[in-house]
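Structure file data_13.cif with mmCIF, C-alpha atoms:
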data_upload
#
loop_
_atom_site.label_atom_id
_atom_site.label_comp_id
_atom_site.auth_asym_id
_atom_site.auth_seq_id
_atom_site.Cartn_x
_atom_site.Cartn_y
_atom_site.Cartn_z
CA ALA A 27 158.43 111.05 148.86
CA GLN A 28 155.45 111.90 150.99
CA SER A 29 153.34 109.00 152.21
CA VAL A 30 150.91 107.83 154.87
CA THR A 31 151.11 104.37 156.42
CA GLN A 32 148.50 102.64 158.52
CA LEU A 33 150.16 99.76 160.27
CA ASP A 34 147.13 97.59 160.96
CA SER A 35 144.65 96.51 158.31
CA GLN A 36 142.22 95.05 160.85
CA VAL A 37 141.73 95.67 164.55
CA PRO A 38 139.22 93.63 166.57
CA VAL A 39 138.34 94.98 170.01
CA PHE A 40 135.73 94.17 172.63
CA GLU A 41 132.96 96.63 173.35
CA GLU A 42 133.86 99.20 176.04
CA ALA A 43 137.58 98.45 175.66
CA PRO A 44 140.06 101.15 174.57
CA VAL A 45 141.45 101.20 171.05
CA GLU A 46 144.38 102.78 169.24
CA LEU A 47 144.64 102.90 165.45
CA ARG A 48 148.15 103.66 164.26
CA CYS A 49 149.21 106.06 161.54
CA ASN A 50 152.67 107.18 160.45
CA TYR A 51 153.63 109.65 157.79
CA SER A 52 156.73 110.46 155.80
CA SER A 53 157.38 114.03 154.71
CA SER A 54 160.20 116.51 154.22
CA VAL A 55 157.74 119.44 154.12
CA SER A 56 154.99 120.71 156.34
CA VAL A 57 152.06 118.37 156.86
CA TYR A 58 148.45 118.56 157.91
CA LEU A 59 146.85 115.37 159.21
CA PHE A 60 143.31 114.04 159.13
CA TRP A 61 141.35 111.01 160.27
CA TYR A 62 138.25 109.99 158.31
CA VAL A 63 135.73 107.24 159.05
CA GLN A 64 133.81 105.29 156.43
CA TYR A 65 130.69 103.41 157.42
CA PRO A 66 129.31 100.78 155.01
CA ASN A 67 127.63 102.35 151.98
CA GLN A 68 128.43 105.84 153.19
CA GLY A 69 130.93 108.52 152.27
CA LEU A 70 134.03 109.43 154.23
CA GLN A 71 133.31 111.55 157.29
CA LEU A 72 135.93 113.71 159.01
CA LEU A 73 136.66 112.66 162.60
CA LEU A 74 139.36 115.21 163.40
CA LYS A 75 142.29 117.10 161.96
CA TYR A 76 145.62 118.47 163.11
CA LEU A 77 146.76 121.74 161.59
CA SER A 78 148.99 123.34 164.23
CA GLY A 79 149.09 124.19 167.91
CA SER A 80 148.18 121.65 170.58
CA THR A 81 149.35 118.20 169.58
CA LEU A 82 146.31 116.53 171.16
CA VAL A 83 143.29 116.89 168.94
CA LYS A 84 139.77 115.97 169.96
CA GLY A 85 137.20 114.96 167.41
CA ILE A 86 133.67 113.71 167.10
CA ASN A 87 132.25 110.56 168.70
CA GLY A 88 134.78 110.63 171.56
CA PHE A 89 137.86 110.09 169.37
CA GLU A 90 141.15 111.90 169.86
CA ALA A 91 144.54 111.81 168.18
CA GLU A 92 148.02 112.93 169.11
CA PHE A 93 150.50 114.43 166.68
CA ASN A 94 154.07 113.33 167.40
CA LYS A 95 156.56 115.06 165.14
CA SER A 96 159.63 113.17 166.37
CA GLN A 97 157.98 109.83 165.68
CA THR A 98 156.10 111.13 162.61
CA SER A 99 152.91 109.62 163.97
CA PHE A 100 149.27 110.58 164.35
CA HIS A 101 147.59 107.72 166.20
CA LEU A 102 143.84 107.70 166.80
CA ARG A 103 142.46 106.65 170.18
CA LYS A 104 139.18 106.12 171.94
CA PRO A 105 138.98 105.13 175.62
CA SER A 106 135.82 103.02 175.28
CA VAL A 107 134.43 101.78 171.98
CA HIS A 108 130.83 101.01 171.06
CA ILE A 109 129.34 98.64 168.55
CA SER A 110 128.49 101.66 166.40
CA ASP A 111 132.21 102.42 165.99
CA THR A 112 132.58 99.41 163.70
CA ALA A 113 133.77 100.96 160.44
CA GLU A 114 136.88 101.57 158.35
CA TYR A 115 139.17 104.38 159.44
CA PHE A 116 141.50 106.27 157.13
CA CYS A 117 144.45 108.44 158.06
CA ALA A 118 145.20 111.14 155.49
CA ALA A 119 147.52 114.07 154.99
CA THR A 120 148.07 117.13 152.87
CA PHE A 121 151.66 118.13 152.37
CA GLY A 122 153.06 121.63 152.02
CA GLY A 123 154.25 123.11 148.78
CA ALA A 124 153.18 121.79 145.39
CA GLY A 125 150.39 119.25 145.70
CA SER A 126 149.05 120.69 148.93
CA TYR A 127 145.53 120.48 147.56
CA GLN A 128 145.28 116.71 147.49
CA LEU A 129 144.72 114.29 150.33
CA THR A 130 147.10 111.33 150.51
CA PHE A 131 145.44 108.41 152.28
CA GLY A 132 146.68 105.35 154.08
CA LYS A 133 145.21 101.97 153.18
CA GLY A 134 142.71 102.04 156.01
CA THR A 135 142.11 100.10 159.22
CA LYS A 136 138.94 98.09 159.69
CA LEU A 137 137.78 98.35 163.29
CA SER A 138 135.51 95.54 164.42
CA VAL A 139 133.86 95.97 167.82
CA ILE A 140 132.92 92.65 169.40
CA PRO A 141 129.90 92.57 171.72
CA ASP B 20 123.20 122.07 153.33
CA THR B 21 122.51 118.69 151.77
CA GLY B 22 126.07 117.46 151.45
CA VAL B 23 127.90 116.19 148.39
CA SER B 24 125.77 114.00 146.15
CA GLN B 25 126.86 111.57 143.46
CA ASN B 26 124.89 109.81 140.76
CA PRO B 27 124.50 107.05 139.97
CA ARG B 28 125.41 105.19 143.14
CA HIS B 29 126.10 102.01 141.21
CA LYS B 30 126.99 101.42 137.57
CA ILE B 31 127.50 98.09 135.85
CA THR B 32 128.85 98.22 132.34
CA LYS B 33 130.47 96.01 129.76
CA ARG B 34 134.11 96.33 128.80
CA GLY B 35 134.56 98.89 126.05
CA GLN B 36 131.56 101.03 126.94
CA ASN B 37 131.76 104.67 128.02
CA VAL B 38 130.45 105.76 131.42
CA THR B 39 129.82 109.16 132.99
CA PHE B 40 129.40 109.99 136.66
CA ARG B 41 128.00 113.17 138.14
CA CYS B 42 128.96 115.00 141.33
CA ASP B 43 127.04 117.85 142.93
CA PRO B 44 129.19 119.59 145.55
CA ILE B 45 128.03 121.47 148.60
CA SER B 46 126.57 124.79 147.52
CA GLU B 47 129.17 127.56 147.24
CA HIS B 48 132.12 125.22 147.62
CA ASN B 49 134.49 126.34 144.92
CA ARG B 50 136.89 123.39 145.06
CA LEU B 51 135.87 119.99 143.79
CA TYR B 52 137.99 116.82 143.83
CA TRP B 53 137.76 113.36 142.32
CA TYR B 54 139.32 110.29 143.94
CA ARG B 55 139.29 106.58 143.12
CA GLN B 56 139.18 103.84 145.73
CA THR B 57 139.93 100.24 144.89
CA LEU B 58 139.33 97.27 147.16
CA GLY B 59 141.62 97.26 150.17
CA GLN B 60 143.14 100.64 149.39
CA GLY B 61 142.63 104.19 150.50
CA PRO B 62 141.27 106.77 148.09
CA GLU B 63 143.68 107.92 145.39
CA PHE B 64 143.59 111.48 144.06
CA LEU B 65 142.67 111.92 140.40
CA THR B 66 141.96 115.58 139.66
CA TYR B 67 140.53 118.77 141.07
CA PHE B 68 138.79 122.02 140.06
CA GLN B 69 138.88 125.56 141.37
CA ASN B 70 135.51 126.83 140.19
CA GLU B 71 135.38 125.80 136.51
CA ALA B 72 139.17 125.58 136.06
CA GLN B 73 140.77 122.14 136.17
CA LEU B 74 144.04 122.89 137.95
CA GLU B 75 145.53 119.42 138.12
CA LYS B 76 144.88 116.52 135.81
CA SER B 77 148.21 114.78 135.51
CA ARG B 78 147.05 112.17 138.04
CA LEU B 79 144.17 111.00 135.88
CA LEU B 80 144.91 107.36 135.24
CA SER B 81 144.99 107.48 131.45
CA ASP B 82 143.75 109.54 128.54
CA ARG B 83 140.53 107.52 128.73
CA PHE B 84 139.64 109.52 131.84
CA SER B 85 138.37 113.09 131.62
CA ALA B 86 136.52 115.45 133.93
CA GLU B 87 134.61 118.68 133.50
CA ARG B 88 133.01 121.34 135.65
CA PRO B 89 131.55 123.62 133.03
CA LYS B 90 129.79 126.21 135.17
CA GLY B 91 131.73 125.83 138.35
CA SER B 92 128.92 123.90 140.01
CA PHE B 93 128.43 120.17 139.29
CA SER B 94 131.15 118.05 137.76
CA THR B 95 131.25 114.97 135.56
CA LEU B 96 133.87 112.25 135.31
CA GLU B 97 133.89 110.24 132.09
CA ILE B 98 135.71 107.00 131.40
CA GLN B 99 135.89 105.97 127.76
CA ARG B 100 136.40 102.40 126.55
CA THR B 101 136.15 100.97 130.05
CA GLU B 102 138.40 98.12 131.13
CA GLN B 103 137.93 95.62 133.93
CA GLY B 104 140.69 97.37 135.86
CA ASP B 105 138.52 100.48 136.04
CA SER B 106 136.19 98.70 138.48
CA ALA B 107 136.37 100.78 141.66
CA MET B 108 134.55 103.30 143.82
CA TYR B 109 134.77 106.83 142.43
CA LEU B 110 134.55 109.48 145.12
CA CYS B 111 133.87 113.17 144.81
CA ALA B 112 134.68 115.76 147.47
CA SER B 113 134.32 119.50 147.81
CA SER B 114 135.82 122.19 150.03
CA PRO B 115 134.90 125.81 150.58
CA SER B 116 138.12 127.49 149.48
CA SER B 117 141.62 127.00 148.18
CA VAL B 118 143.28 126.67 151.58
CA SER B 119 144.97 123.31 152.06
CA THR B 120 143.77 123.12 155.65
CA ASP B 121 140.12 123.13 154.59
CA THR B 122 138.13 120.01 155.26
CA GLN B 123 137.19 118.05 152.16
CA TYR B 124 133.61 116.78 152.35
CA PHE B 125 133.03 113.51 150.54
CA GLY B 126 130.03 112.16 148.72
CA PRO B 127 128.84 108.53 149.01
CA GLY B 128 130.65 107.51 145.83
CA THR B 129 129.74 105.75 142.59
CA ARG B 130 130.65 102.08 142.47
CA LEU B 131 131.63 101.01 138.97
CA THR B 132 131.70 97.37 137.92
CA VAL B 133 133.10 96.56 134.49
CA LEU B 134 132.17 93.09 133.23
#

Just give me the structure as structure tokens.
Amino acid sequence: AQSVTQLDSQVPVFEEAPVELRCNYSSSVSVYLFWYVQYPNQGLQLLLKYLSGSTLVKGINGFEAEFNKSQTSFHLRKPSVHISDTAEYFCAATFGGAGSYQLTFGKGTKLSVIP
Amino acid sequence: DTGVSQNPRHKITKRGQNVTFRCDPISEHNRLYWYRQTLGQGPEFLTYFQNEAQLEKSRLLSDRFSAERPKGSFSTLEIQRTEQGDSAMYLCASSPSSVSTDTQYFGPGTRLTVL
């Protein structure tokens, strides 16, 4: 069965420190991967997506993610976080074949940036 | 481009009542999706439309749930005979075409509380 797993439910990090939010997927078919951010009382906003090609994907707000097929991972990174990055981050995927229209989400990781 | 809008933003109802939520997608987006997000979980797919056609509804949670998109523009999600377990955030998203790599743009959601 296809699934997305986010390994950390909460990640506290000091301002200006680097951060990595982990995401793993399980799939026997082709997969497209996405990271969304959700600020309080706002909708989900796309940070970046991996479709094909270069495995390092750059997104908005200085975030980047690396697709690793052998480890079935798509971890999100930022070299220096700001207070404004405090939010909940969701890894999501669409899987090839039947059901390719729907996003399958992980449970989310709450990033707390400490001043 | 004003983004995806949802109304109401909050709805409080008593158990057994019917509720209806509205979603207005981004103009000219022909795909529209509904998701449900419960506390501590990522969004869960419910149903989607290609223009006015509902192409997948087997993931609707029960026969109390129904959705429409009569003219291929806005959509409504109705829950009949609400139960306390229906309390959740209901999210709407739209995308420009039927390609699975398209970004889904999310609205701010409707938070339902069933007393």

What are the closest atom pairs, with distances in Å to one decimal, for each residue of chain A lying within 6 Å of chain B, using only C-alpha atoms, rows by chain and rising residue number, as CSV?
residue,atom,partner,partner_atom,distance
A:Gln68,CA,B:Pro127,CA,5.0
A:Gly69,CA,B:Pro127,CA,3.9
A:Leu70,CA,B:Phe125,CA,5.6
A:Ser126,CA,B:Ser119,CA,5.8
A:Tyr127,CA,B:Ser119,CA,5.3
A:Phe131,CA,B:Gly61,CA,5.4
A:Gly132,CA,B:Gly61,CA,5.5
A:Lys133,CA,B:Gly61,CA,4.3
A:Gly134,CA,B:Gly61,CA,5.9

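The two atoms in question, atom CA of A:Ile109 and atom CA of A:Ile140, are spaced 7.0 Å apart.
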
Run the PyMOL selection byres ((chain A and resi 137) around 8) mentally over the shown coordinates, then write out the matched residues as an mmCIF file with C-alpha atoms, in the coordinates of the input, using the chain letters and numbers from the document.
data_model
loop_
_atom_site.group_PDB
_atom_site.id
_atom_site.type_symbol
_atom_site.label_atom_id
_atom_site.label_comp_id
_atom_site.auth_asym_id
_atom_site.auth_seq_id
_atom_site.Cartn_x
_atom_site.Cartn_y
_atom_site.Cartn_z
ATOM 1 C CA GLN A 36 142.220 95.050 160.850
ATOM 2 C CA VAL A 37 141.730 95.670 164.550
ATOM 3 C CA PRO A 38 139.220 93.630 166.570
ATOM 4 C CA VAL A 39 138.340 94.980 170.010
ATOM 5 C CA ASP A 111 132.210 102.420 165.990
ATOM 6 C CA THR A 112 132.580 99.410 163.700
ATOM 7 C CA ALA A 113 133.770 100.960 160.440
ATOM 8 C CA GLU A 114 136.880 101.570 158.350
ATOM 9 C CA TYR A 115 139.170 104.380 159.440
ATOM 10 C CA THR A 135 142.110 100.100 159.220
ATOM 11 C CA LYS A 136 138.940 98.090 159.690
ATOM 12 C CA SER A 138 135.510 95.540 164.420
ATOM 13 C CA VAL A 139 133.860 95.970 167.820
#

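Of the listed residues (B:Ser77, B:Asp105, B:Gln36, B:Asn70), B:Asn70 comes nearest to B:Pro89; the distances count all atoms listed in the file.
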
I want to know what sits within 6 Å of A:Thr98, based on all atoms listed in the file, with residues of the same chain fewer than 4 positions away left out; could you give that as a PyMOL selection string?
chain A and resi 50-51+94

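Between atom CA of B:Leu74 and atom CA of B:Leu51 the interatomic distance comes to 10.5 Å.
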
Ground truth for the PyMOL selection byres ((chain A and resi 86) around 9), written as a PyMOL selection string:
chain A and resi 72-74+84-85+87-90

Quick one: pull the distance between atom CA of B:Leu96 and atom CA of B:Phe40, Å, one decimal.
5.2 Å
